[in-house]
Structure formats: C-alpha cells, structure tokens
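> File name final00.csv; file contents CSV, C-alpha atoms; full text below.
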chain,number,residue,atom,x,y,z
A,5,MET,CA,-23.2,2.2,12.2
A,6,ASN,CA,-22.6,5.3,10.1
A,7,TYR,CA,-20.2,4.2,7.3
A,8,SER,CA,-19.8,4.3,3.5
A,9,ILE,CA,-18.3,1.7,1.2
A,10,ALA,CA,-16.1,2.9,-1.6
A,11,ILE,CA,-15.0,0.4,-4.3
A,12,ARG,CA,-12.0,1.1,-6.6
A,13,THR,CA,-12.5,-0.6,-10.0
A,14,LEU,CA,-12.1,-0.6,-13.7
A,15,GLY,CA,-15.5,-2.2,-14.1
A,16,LYS,CA,-14.0,-5.5,-15.3
A,17,GLY,CA,-14.1,-7.6,-12.2
A,18,GLY,CA,-16.7,-10.0,-13.5
A,19,GLU,CA,-17.5,-13.0,-11.3
A,20,LYS,CA,-15.1,-11.8,-8.6
A,21,TYR,CA,-16.8,-8.4,-8.5
A,22,SER,CA,-20.1,-10.3,-8.1
A,23,LYS,CA,-18.8,-12.0,-5.0
A,24,LEU,CA,-17.9,-8.6,-3.5
A,25,LEU,CA,-21.4,-7.3,-4.2
A,26,LYS,CA,-22.9,-10.5,-2.6
A,27,SER,CA,-20.6,-9.9,0.5
A,28,ILE,CA,-22.0,-6.3,0.7
A,29,GLN,CA,-25.6,-7.5,0.4
A,30,ASN,CA,-25.0,-10.0,3.2
A,31,LEU,CA,-23.5,-7.6,5.7
A,32,LYS,CA,-25.3,-7.4,9.0
A,33,ASP,CA,-24.3,-3.8,9.4
A,34,ARG,CA,-25.6,-2.1,6.3
A,35,PRO,CA,-23.7,0.8,4.8
A,36,ASP,CA,-25.2,4.3,4.4
A,37,GLU,CA,-24.1,4.3,0.7
A,38,VAL,CA,-22.0,2.3,-1.8
A,39,ILE,CA,-19.7,4.4,-4.0
A,40,VAL,CA,-18.1,2.9,-7.1
A,41,VAL,CA,-15.1,4.9,-8.3
A,42,LEU,CA,-14.2,4.5,-12.0
A,43,PRO,CA,-11.7,6.2,-14.3
A,44,PHE,CA,-13.0,8.6,-16.9
A,45,GLY,CA,-14.0,6.8,-20.1
A,46,TYR,CA,-14.6,3.4,-18.4
A,47,SER,CA,-18.1,1.8,-18.4
A,48,PRO,CA,-19.8,0.8,-15.2
A,49,PRO,CA,-19.7,-2.9,-14.4
A,50,LYS,CA,-22.6,-5.0,-15.5
A,51,GLU,CA,-23.0,-6.4,-12.0
A,52,LEU,CA,-25.0,-4.0,-9.9
A,53,LEU,CA,-26.4,-3.6,-6.4
A,54,GLY,CA,-29.1,-1.3,-7.7
A,55,ASP,CA,-28.5,1.7,-5.4
A,56,GLU,CA,-24.7,2.3,-5.8
A,57,ARG,CA,-23.4,5.8,-6.8
A,58,PHE,CA,-20.9,6.0,-9.6
A,59,VAL,CA,-18.1,8.6,-9.3
A,60,TYR,CA,-15.5,9.3,-12.0
A,61,CYS,CA,-11.9,10.6,-11.8
A,62,GLU,CA,-8.5,10.3,-13.4
A,63,LYS,CA,-7.3,6.7,-13.7
A,64,GLY,CA,-4.9,5.8,-10.9
A,65,MET,CA,-4.7,3.4,-8.0
A,66,MET,CA,-4.2,6.1,-5.4
A,67,MET,CA,-6.4,8.7,-7.1
A,68,GLN,CA,-9.4,6.4,-7.2
A,69,ARG,CA,-8.9,5.5,-3.6
A,70,ILE,CA,-8.7,9.2,-2.6
A,71,VAL,CA,-11.8,10.2,-4.6
A,72,GLY,CA,-13.6,7.3,-2.9
A,73,TYR,CA,-13.2,8.6,0.6
A,74,GLU,CA,-13.5,12.2,-0.4
A,75,SER,CA,-16.9,11.4,-2.0
A,76,ALA,CA,-18.1,9.6,1.1
A,77,CYS,CA,-20.8,11.2,3.2
A,78,SER,CA,-20.3,9.1,6.4
A,79,GLU,CA,-18.1,9.4,9.4
A,80,TYR,CA,-16.4,6.1,8.6
A,81,VAL,CA,-15.5,4.4,5.2
A,82,LEU,CA,-14.7,0.9,4.1
A,83,LEU,CA,-12.3,1.1,1.1
A,84,VAL,CA,-12.2,-2.1,-1.0
A,85,ASP,CA,-10.9,-3.3,-4.3
A,86,ASP,CA,-13.2,-5.1,-6.6
A,87,ASP,CA,-11.9,-8.6,-6.0
A,88,VAL,CA,-12.5,-9.3,-2.3
A,89,GLU,CA,-15.2,-11.1,-0.3
A,90,PHE,CA,-15.8,-11.2,3.4
A,91,GLU,CA,-18.1,-12.5,6.1
A,92,PRO,CA,-21.5,-11.0,7.1
A,93,ASP,CA,-20.1,-9.8,10.5
A,94,PHE,CA,-17.0,-8.2,8.9
A,95,ILE,CA,-17.8,-4.6,9.7
A,96,ARG,CA,-18.4,-5.1,13.4
A,97,LYS,CA,-15.1,-7.1,13.7
A,98,VAL,CA,-12.8,-4.9,11.6
A,99,SER,CA,-14.1,-1.7,13.2
A,100,MET,CA,-13.8,-2.9,16.8
A,101,PRO,CA,-10.4,-1.3,17.6
A,102,ILE,CA,-11.8,2.0,16.2
A,103,GLN,CA,-15.0,1.8,18.3
A,104,GLU,CA,-12.8,1.0,21.4
A,105,GLY,CA,-10.7,4.1,20.7
A,106,LYS,CA,-7.5,2.1,20.0
A,107,ALA,CA,-7.2,2.9,16.3
A,108,ASP,CA,-8.2,5.3,13.5
A,109,ILE,CA,-7.6,2.9,10.6
A,110,THR,CA,-7.9,-0.9,10.6
A,111,PHE,CA,-7.4,-3.7,8.1
A,112,PRO,CA,-7.9,-7.5,8.0
A,113,ILE,CA,-4.7,-9.4,8.6
A,114,TYR,CA,-4.3,-11.6,5.6
A,115,PRO,CA,-1.0,-13.7,5.9
A,116,ASP,CA,-1.2,-14.8,2.2
A,117,MET,CA,-0.3,-11.2,1.2
A,118,LEU,CA,3.1,-11.4,3.0
A,119,PRO,CA,6.2,-12.5,1.1
A,120,ARG,CA,6.1,-16.3,0.5
A,121,LYS,CA,8.6,-18.5,2.3
A,122,GLY,CA,11.7,-19.7,0.6
A,123,VAL,CA,13.7,-17.6,-1.9
A,124,ARG,CA,10.9,-15.1,-2.1
A,125,THR,CA,11.5,-14.4,1.5
A,126,LEU,CA,15.3,-14.7,1.5
A,127,ILE,CA,16.2,-12.2,-1.3
A,128,PRO,CA,14.0,-9.3,0.0
A,129,ALA,CA,15.5,-9.9,3.5
A,130,LEU,CA,19.1,-9.9,2.2
A,131,THR,CA,18.5,-6.6,0.3
A,132,LEU,CA,16.6,-5.0,3.2
A,133,SER,CA,13.5,-4.7,1.1
A,134,ALA,CA,11.2,-6.8,3.2
A,135,VAL,CA,12.6,-8.4,6.4
A,136,PRO,CA,10.7,-10.9,8.6
A,137,MET,CA,10.8,-10.2,12.4
A,138,LEU,CA,9.8,-12.4,15.3
A,139,ARG,CA,8.3,-9.7,17.4
A,140,ARG,CA,4.5,-9.7,17.5
A,141,ASP,CA,3.9,-6.2,18.9
A,142,MET,CA,3.8,-4.8,15.3
A,143,TYR,CA,2.5,-6.4,12.1
A,144,THR,CA,4.7,-4.2,9.9
A,145,LYS,CA,7.3,-1.6,10.4
A,146,VAL,CA,9.1,0.8,8.0
A,147,ILE,CA,12.8,0.4,8.3
A,148,ALA,CA,15.8,2.7,7.6
A,149,SER,CA,16.5,1.3,4.1
A,150,GLY,CA,13.0,2.5,2.9
A,151,GLY,CA,11.8,-1.2,3.0
A,152,TRP,CA,9.7,-2.8,5.6
A,153,ALA,CA,9.8,-5.4,8.3
A,154,TYR,CA,6.9,-7.8,8.9
A,155,CYS,CA,5.8,-10.3,11.5
A,156,GLY,CA,7.2,-13.6,10.5
A,157,VAL,CA,4.6,-15.6,12.5
A,158,PRO,CA,1.3,-13.8,11.6
A,159,GLU,CA,-0.6,-17.0,12.5
A,160,GLN,CA,0.3,-16.4,16.1
A,161,ILE,CA,-1.3,-12.9,16.2
A,162,ASP,CA,-4.4,-13.3,18.3
A,163,LYS,CA,-5.4,-9.6,18.9
A,164,PRO,CA,-5.3,-6.3,17.0
A,165,VAL,CA,-1.8,-5.2,16.4
A,166,GLN,CA,-0.2,-1.9,15.3
A,167,ALA,CA,1.2,-1.5,11.8
A,168,HIS,CA,3.0,1.0,9.6
A,169,SER,CA,1.7,-0.5,6.4
A,170,ALA,CA,-0.6,-3.1,4.9
A,171,PRO,CA,-2.2,-4.2,1.7
A,172,GLY,CA,-4.6,-1.5,0.6
A,173,THR,CA,-7.1,-3.9,-0.9
A,174,CYS,CA,-9.3,-3.5,2.1
A,175,LEU,CA,-9.3,-1.0,5.0
A,176,TYR,CA,-11.8,0.5,7.4
A,177,ALA,CA,-11.1,4.0,8.7
A,178,LYS,CA,-12.3,7.3,10.1
A,179,ARG,CA,-12.8,9.4,7.1
A,180,GLU,CA,-11.2,12.3,9.0
A,181,ALA,CA,-8.0,10.3,9.4
A,182,LEU,CA,-7.7,9.7,5.7
A,183,LEU,CA,-8.4,13.3,4.9
A,184,LYS,CA,-5.7,14.4,7.4
A,185,ALA,CA,-3.1,12.3,5.6
A,186,ASP,CA,-3.5,14.6,2.6
A,187,LEU,CA,-2.6,11.9,0.0
A,188,ARG,CA,-3.0,14.2,-2.9
A,189,LYS,CA,0.5,15.4,-2.1
A,190,GLU,CA,1.7,11.9,-2.8
A,191,LEU,CA,0.4,11.3,-6.3
A,192,TRP,CA,4.0,10.9,-7.4
A,193,VAL,CA,3.5,7.2,-6.8
A,194,GLU,CA,1.4,7.1,-10.0
A,195,LEU,CA,4.2,8.5,-12.2
A,196,PRO,CA,5.3,5.0,-13.2
A,197,LYS,CA,2.7,2.9,-15.0
A,198,TYR,CA,2.7,0.5,-12.1
A,199,ALA,CA,2.0,2.4,-8.9
A,200,LEU,CA,4.1,0.4,-6.5
A,201,TRP,CA,4.2,1.7,-2.9
A,202,ASP,CA,0.8,3.3,-3.0
A,203,ASP,CA,-0.4,1.2,-0.1
A,204,MET,CA,2.7,1.8,2.0
A,205,VAL,CA,2.5,5.6,1.3
A,206,MET,CA,-1.1,5.7,2.3
A,207,PHE,CA,-0.8,3.8,5.6
A,208,TYR,CA,2.5,5.3,6.7
A,209,LYS,CA,1.6,8.8,5.8
A,210,ALA,CA,-1.6,8.4,7.9
A,211,TRP,CA,0.6,7.1,10.7
A,212,LEU,CA,3.0,10.0,10.5
A,213,SER,CA,0.0,12.3,10.5
A,214,GLY,CA,-0.9,11.0,13.9
A,215,SER,CA,-3.4,8.3,13.1
A,216,LYS,CA,-3.2,4.9,14.7
A,217,VAL,CA,-3.2,1.9,12.3
A,218,MET,CA,-4.0,-1.6,13.4
A,219,GLY,CA,-4.4,-5.0,11.8
A,220,VAL,CA,-7.2,-7.2,12.9
A,221,PRO,CA,-6.8,-11.0,13.0
A,222,ASN,CA,-9.2,-13.9,12.7
A,223,LEU,CA,-11.5,-12.3,10.1
A,224,ILE,CA,-13.1,-14.3,7.3
A,225,PHE,CA,-11.7,-12.4,4.3
A,226,GLU,CA,-10.5,-13.4,0.9
A,227,HIS,CA,-8.5,-11.6,-1.8
A,228,LEU,CA,-9.6,-13.1,-5.1
A,229,ASP,CA,-6.9,-11.3,-7.1
A,230,ALA,CA,-8.5,-10.1,-10.3
A,231,GLY,CA,-5.4,-8.2,-11.4
A,232,GLY,CA,-4.8,-7.8,-15.1
A,233,GLY,CA,-2.3,-9.8,-17.2
A,234,ASN,CA,-0.2,-7.0,-18.6
A,235,VAL,CA,2.8,-8.7,-20.4
A,236,ASN,CA,5.0,-5.7,-19.5
A,237,ARG,CA,4.1,-5.8,-15.8
A,238,SER,CA,7.4,-7.2,-14.6
A,239,VAL,CA,9.3,-4.4,-16.5
A,240,GLU,CA,6.9,-1.7,-15.2
A,241,ALA,CA,7.2,-3.1,-11.7
A,242,SER,CA,11.0,-3.1,-11.9
A,243,TYR,CA,11.0,0.6,-12.9
A,244,ALA,CA,8.5,1.5,-10.2
A,245,SER,CA,10.4,-0.5,-7.5
A,246,GLY,CA,13.4,1.7,-8.3
A,247,MET,CA,11.8,5.1,-8.7
A,248,ASN,CA,9.2,5.0,-6.0
A,249,HIS,CA,11.5,3.3,-3.4
A,250,VAL,CA,14.0,6.2,-3.8
A,251,ILE,CA,11.2,8.9,-3.4
A,252,PHE,CA,9.6,7.0,-0.5
A,253,TRP,CA,12.9,6.7,1.3
A,254,TYR,CA,13.7,10.3,1.0
A,255,ARG,CA,10.3,11.7,2.0
A,256,PHE,CA,9.3,9.2,4.6
A,257,VAL,CA,12.5,7.9,6.1
A,258,TYR,CA,15.4,10.4,5.6
A,259,GLN,CA,13.3,13.6,6.1
A,260,GLN,CA,11.7,12.1,9.2
A,261,ARG,CA,15.0,11.5,10.9
A,262,LYS,CA,15.8,14.3,13.3
A,263,SER,CA,19.4,13.7,14.3
A,264,SER,CA,22.5,13.6,12.1
A,265,VAL,CA,23.3,10.1,13.3
A,266,ALA,CA,19.9,8.8,12.4
A,267,LYS,CA,20.1,10.4,9.0
A,268,LEU,CA,23.5,8.8,8.4
A,269,VAL,CA,22.1,5.4,9.4
A,270,ALA,CA,19.3,5.8,7.0
A,271,ILE,CA,21.7,6.8,4.2
A,272,ALA,CA,23.9,3.8,4.9
A,273,ALA,CA,20.9,1.4,4.9
A,274,PHE,CA,19.6,3.0,1.7
A,275,ILE,CA,22.9,2.6,-0.1
A,276,TYR,CA,23.1,-1.0,1.0
A,277,TRP,CA,19.6,-1.6,-0.4
A,278,MET,CA,20.5,0.1,-3.7
A,279,VAL,CA,23.7,-1.8,-4.2
A,280,THR,CA,22.3,-5.3,-3.3
A,281,SER,CA,19.1,-4.8,-5.2
A,282,SER,CA,21.1,-3.7,-8.3
A,283,MET,CA,23.3,-6.7,-8.0
A,284,TYR,CA,20.3,-9.0,-7.7
A,285,ASN,CA,18.7,-7.5,-10.8
A,286,LEU,CA,22.0,-7.7,-12.6
A,287,LEU,CA,22.3,-11.4,-11.8
A,288,ASN,CA,18.8,-11.9,-13.0
A,289,ALA,CA,19.7,-10.1,-16.2
A,290,ILE,CA,22.7,-12.5,-16.7
A,291,PHE,CA,21.3,-15.8,-15.7
A,292,ARG,CA,17.5,-15.4,-16.3
A,293,LYS,CA,17.6,-13.1,-19.3
A,294,LYS,CA,15.9,-10.3,-17.3
A,295,GLY,CA,17.8,-7.5,-19.1
A,296,LYS,CA,14.8,-5.3,-19.6
A,297,GLU,CA,13.9,-5.5,-15.9
A,298,PHE,CA,17.5,-4.6,-14.9
A,299,LYS,CA,17.6,-1.6,-17.2
A,300,ALA,CA,14.1,-0.5,-16.0
A,301,PHE,CA,15.2,-0.8,-12.4
A,302,ILE,CA,18.4,1.3,-13.0
A,303,ASN,CA,16.3,3.9,-14.9
A,304,GLY,CA,13.9,4.0,-12.0
A,305,LEU,CA,16.7,4.7,-9.5
A,306,ILE,CA,18.0,7.5,-11.8
A,307,ASP,CA,14.5,9.0,-12.3
A,308,GLY,CA,13.7,8.8,-8.6
A,309,TYR,CA,16.9,10.7,-7.8
A,310,GLY,CA,16.1,13.2,-10.5
A,311,PHE,CA,12.5,13.7,-9.2
A,312,ILE,CA,13.9,14.5,-5.7
A,313,LYS,CA,16.6,16.7,-7.1
A,314,LYS,CA,14.0,18.7,-9.0
A,315,LYS,CA,11.2,18.8,-6.4
A,316,GLU,CA,13.1,19.0,-3.1
A,317,PRO,CA,16.2,20.8,-1.7
A,318,PHE,CA,18.6,17.9,-1.9
A,319,SER,CA,21.7,19.6,-0.5
A,320,ASN,CA,21.3,18.2,3.0
A,321,VAL,CA,21.4,14.5,1.9
A,322,GLU,CA,24.3,15.2,-0.4
A,323,LYS,CA,26.2,16.8,2.6
A,324,SER,CA,25.3,13.7,4.7
A,325,LEU,CA,26.6,11.4,2.0
A,326,ARG,CA,30.0,13.2,2.0
A,327,GLU,CA,30.2,12.7,5.8
A,328,LEU,CA,29.9,8.9,5.5
Let me see whether you can do it: turn the structure in this file into structure tokens.

Amino acid sequence: MNYSIAIRTLGKGGEKYSKLLKSIQNLKDRPDEVIVVLPFGYSPPKELLGDERFVYCEKGMMMQRIVGYESACSEYVLLVDDDVEFEPDFIRKVSMPIQEGKADITFPIYPDMLPRKGVRTLIPALTLSAVPMLRRDMYTKVIASGGWAYCGVPEQIDKPVQAHSAPGTCLYAKREALLKADLRKELWVELPKYALWDDMVMFYKAWLSGSKVMGVPNLIFEHLDAGGGNVNRSVEASYASGMNHVIFWYRFVYQQRKSSVAKLVAIAAFIYWMVTSSMYNLLNAIFRKKGKEFKAFINGLIDGYGFIKKKEPFSNVEKSLREL
C-alpha cells in the first residue's frame, strides 16, 4: 500500500510519542516514509525510528499539518499527532472506504472526543455550538449557527459514516484531496494563540471542495493527550472561540448559502449563538470569576468581525441583517 505517515509534533511527546513510534513499527502495512514536522528552532524528539525524515516550518497546528502532506511522496498519507497509538491492522481498516471508492478522507471514530454527557453537553446544545442528533447517517454536520451537530449515539454506528468534521489528531487521506482543499488560504485559524477550529476547517473545506469524508468505527485507537499545560489556555481558547467562530461562520456557512432565505436563516442562527454564548460567558464571569475569559470572548467576536470587514466585502451580510 503506497502511503506516507506525517507526524505533527513539538518534539516533546516523551513516553506517549514512544507509543506512537511503537504503533508505527508494528503496522502490518508498512509506510513508504515517515515524516516528522517540527517548527523552526525546535529540536527533534529523542525517541527515533531511525529512518524518519525531519521537515521544518513555521509553528502552527494547521501549518505543520499542511507541510506534512505537502512533503509526502506517496499517493496516500496518514496524518497523526504525536500522542496516539493504534492496532497493527489500523491502515487496512481505516483505508477500506477509500479503497472501495466510497471516501477520499477517513478517520477513526473515537467517541471520547465528543462532548461529555451532562452540563458539558447541555450548554453547547443550548447555544447551538455543538448539538447532539439521533440520526446515524452522519457522524457530524455543520449547522447554520456555525456550530456542529454530532451523532448522540456513536456506539451504535457499525459501518463507515459520512462526516463534515472530526478530530484532526488522526486521519487517512488521498494526498490529492488534501491539496485540493487549499488549506493555506485558511491560515487565519492560527491568528489566535490557540488555533481552535483548525480541524473543522480542514475537514469541511475538503468536503466543500468535493471530497467525501467518512468516519470508520470499531478501530483500536487511543488518543493519549499529551497537550501542554498552558495556564492561559482557557483565556486563549475563549478568544479563539469568538474570533474563529465568526470567521468560520462567514466563510463556510453564510457564503455557502445560495438563496436569500437560507442566508437569513444562517444569520438568525448565528445571532442566537452569539447572544446565548455571550450570556453564558457573562454568567461564568459573575459566578465563577471567569472575567478574563468573558473579556477575551467578546474581544474575539469583535476581532473576528473586524477581520471579515477588512478582508471580505461585507456589505451583503449587513444588508441581510437589515432585512431581518
């Protein structure tokens, strides 16, 4: 099987990175090459396969992913973060929908990466940020608010299913499909320090470019979560959740709607999201002393609007707003 593996890392995965390398060594279908993508100025990890190729680029979650598949020499590519492990038969299973002509991009269905049950499910649903759905014909779906809906019963999925988005920690794809998505035009996701929405942008942009995306169930796959412990992460995430949501909605929801009615529905859903999300953040500021997060979220909304106003002709959406 003709494929490359591209690993996005900062070189500090340690034991978890070692588990990824062991998974690669145990694969039944051996890759043509293993590419390790590091930011300029970062040292290679101490843990080595021995025949990997190191590639350097500007630091960035999306940029490192882009450089990974751009650098690959094979027809197919497995993009992984540095904190996952998987079974020896992983490639055959995850690539099956592509080999059968049903998909261009696939990923392992990993229910633990969906919103947790309880309040963490309720609040995103009430704000139209992330809404569970009972239908099983899609794993995820982008909705009018700029948020997403997801299968509320993922354990009942027993065959590959279409998706608009997925966690980007692991995916298998036709390299051509990723190149066609032209993700270098979407590097605005890295303007905030925390590049929220980079996964959703990647998968949905590929979908809009004509590629079929599918989730594959029943794979032995584990996300070990070696993320850093930045004390400012919640503030940075709040800012990014405001700014990048605004830009994502405008570019991938509003601009994709063809009729005036569809555009007005999208605007109404977006305003609902913006108001309810702001109220939730305000309540957090009052009762949980999350004032910095609230301020960051509002600044993100303002900067997202400012980015669109500067980069895009915004008169059409302003006209639509007046028609509401």
> Which residues come within 8 Å of Leu82 (chain A), counting all atoms listed in the file, excluding same-chain residues fewer than 3 positions away, as an MDAnalysis selection string?
chainID A and resid 7:10 174:177
> What does the file look like for those residues with C-alpha atoms, as a PDB file, in the frame of the given file?

ATOM      1  CA  TYR A   7     -20.200   4.200   7.300  1.00  0.00           C
ATOM      2  CA  SER A   8     -19.800   4.300   3.500  1.00  0.00           C
ATOM      3  CA  ILE A   9     -18.300   1.700   1.200  1.00  0.00           C
ATOM      4  CA  ALA A  10     -16.100   2.900  -1.600  1.00  0.00           C
ATOM      5  CA  CYS A 174      -9.300  -3.500   2.100  1.00  0.00           C
ATOM      6  CA  LEU A 175      -9.300  -1.000   5.000  1.00  0.00           C
ATOM      7  CA  TYR A 176     -11.800   0.500   7.400  1.00  0.00           C
ATOM      8  CA  ALA A 177     -11.100   4.000   8.700  1.00  0.00           C
TER       9      ALA A 177
END
> When distances are computed from all atoms listed in the file, which of A:Cys77, A:Met65, A:Val279, A:Leu223 shows the smallest separation from Arg96 (chain A)?
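Under the stated criterion, the closest residue is A:Leu223.
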> Using all atoms listed in the file, which of the listed residues (A:Gln68, A:Asn288, A:Asn30, A:Asn222) sits closest to Gln160 (chain A)?
A:Asn222
> Rank nothing, just name the residue among A:His168, A:Lys189, A:Lys267, A:Lys32 nearest to Met218 (chain A), using all atoms listed in the file.
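Ranked by minimum distance to Met218 (chain A), first place goes to A:His168.
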> How many Å separate CA of Tyr60 (chain A) from CA of Glu194 (chain A)?
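Computed distance, CA of Tyr60 (chain A) to CA of Glu194 (chain A), equals 17.2 Å.
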> Nearest residue to Lys106 (chain A) out of A:Pro164, A:Leu138, A:Glu56, A:Val146, using all atoms listed in the file?
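With all atoms listed in the file as the atom set, the closest residue is A:Pro164.
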> Provide the CA of Ile161 (chain A) to CA of Asp93 (chain A) distance in Å, to one decimal place.
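These two atoms are separated by 19.9 Å.
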> Using CA of Pro112 (chain A) and CA of Val217 (chain A) as the two end points, give the distance in Å to one decimal.
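CA of Val217 (chain A) lies 11.4 Å from CA of Pro112 (chain A).
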> Taking all atoms listed in the file into account, name the residue in A:Asp186, A:Asp85, A:Glu79, A:Glu19 that is nearest to Val40 (chain A).
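Nearest candidate to Val40 (chain A) out of A:Asp186, A:Asp85, A:Glu79, A:Glu19: A:Asp85.
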> So that I can see what lies close to region 152-156 of chain A, please list as number ranges by chain the residues with an atom at most 7 Å from it, counting only C-alpha atoms and leaving out residues fewer than 5 positions away in the same chain.
A: 133-140, 142-147
> At a cut-off of 12 Å, using all atoms listed in the file, what residues contact region 292-304 of chain A? Leave out same-chain residues fewer than 4 positions from it and give the result as an MDAnalysis selection string.
chainID A and resid 195:198 200 236:251 278:279 281:288 308:311
> As a PyMOL selection string, please: the residues near Cys61 (chain A) (cut-off 9 Å, all atoms listed in the file, same-chain neighbours under 3 positions excluded).
chain A and resi 41-44+64+67-68+71
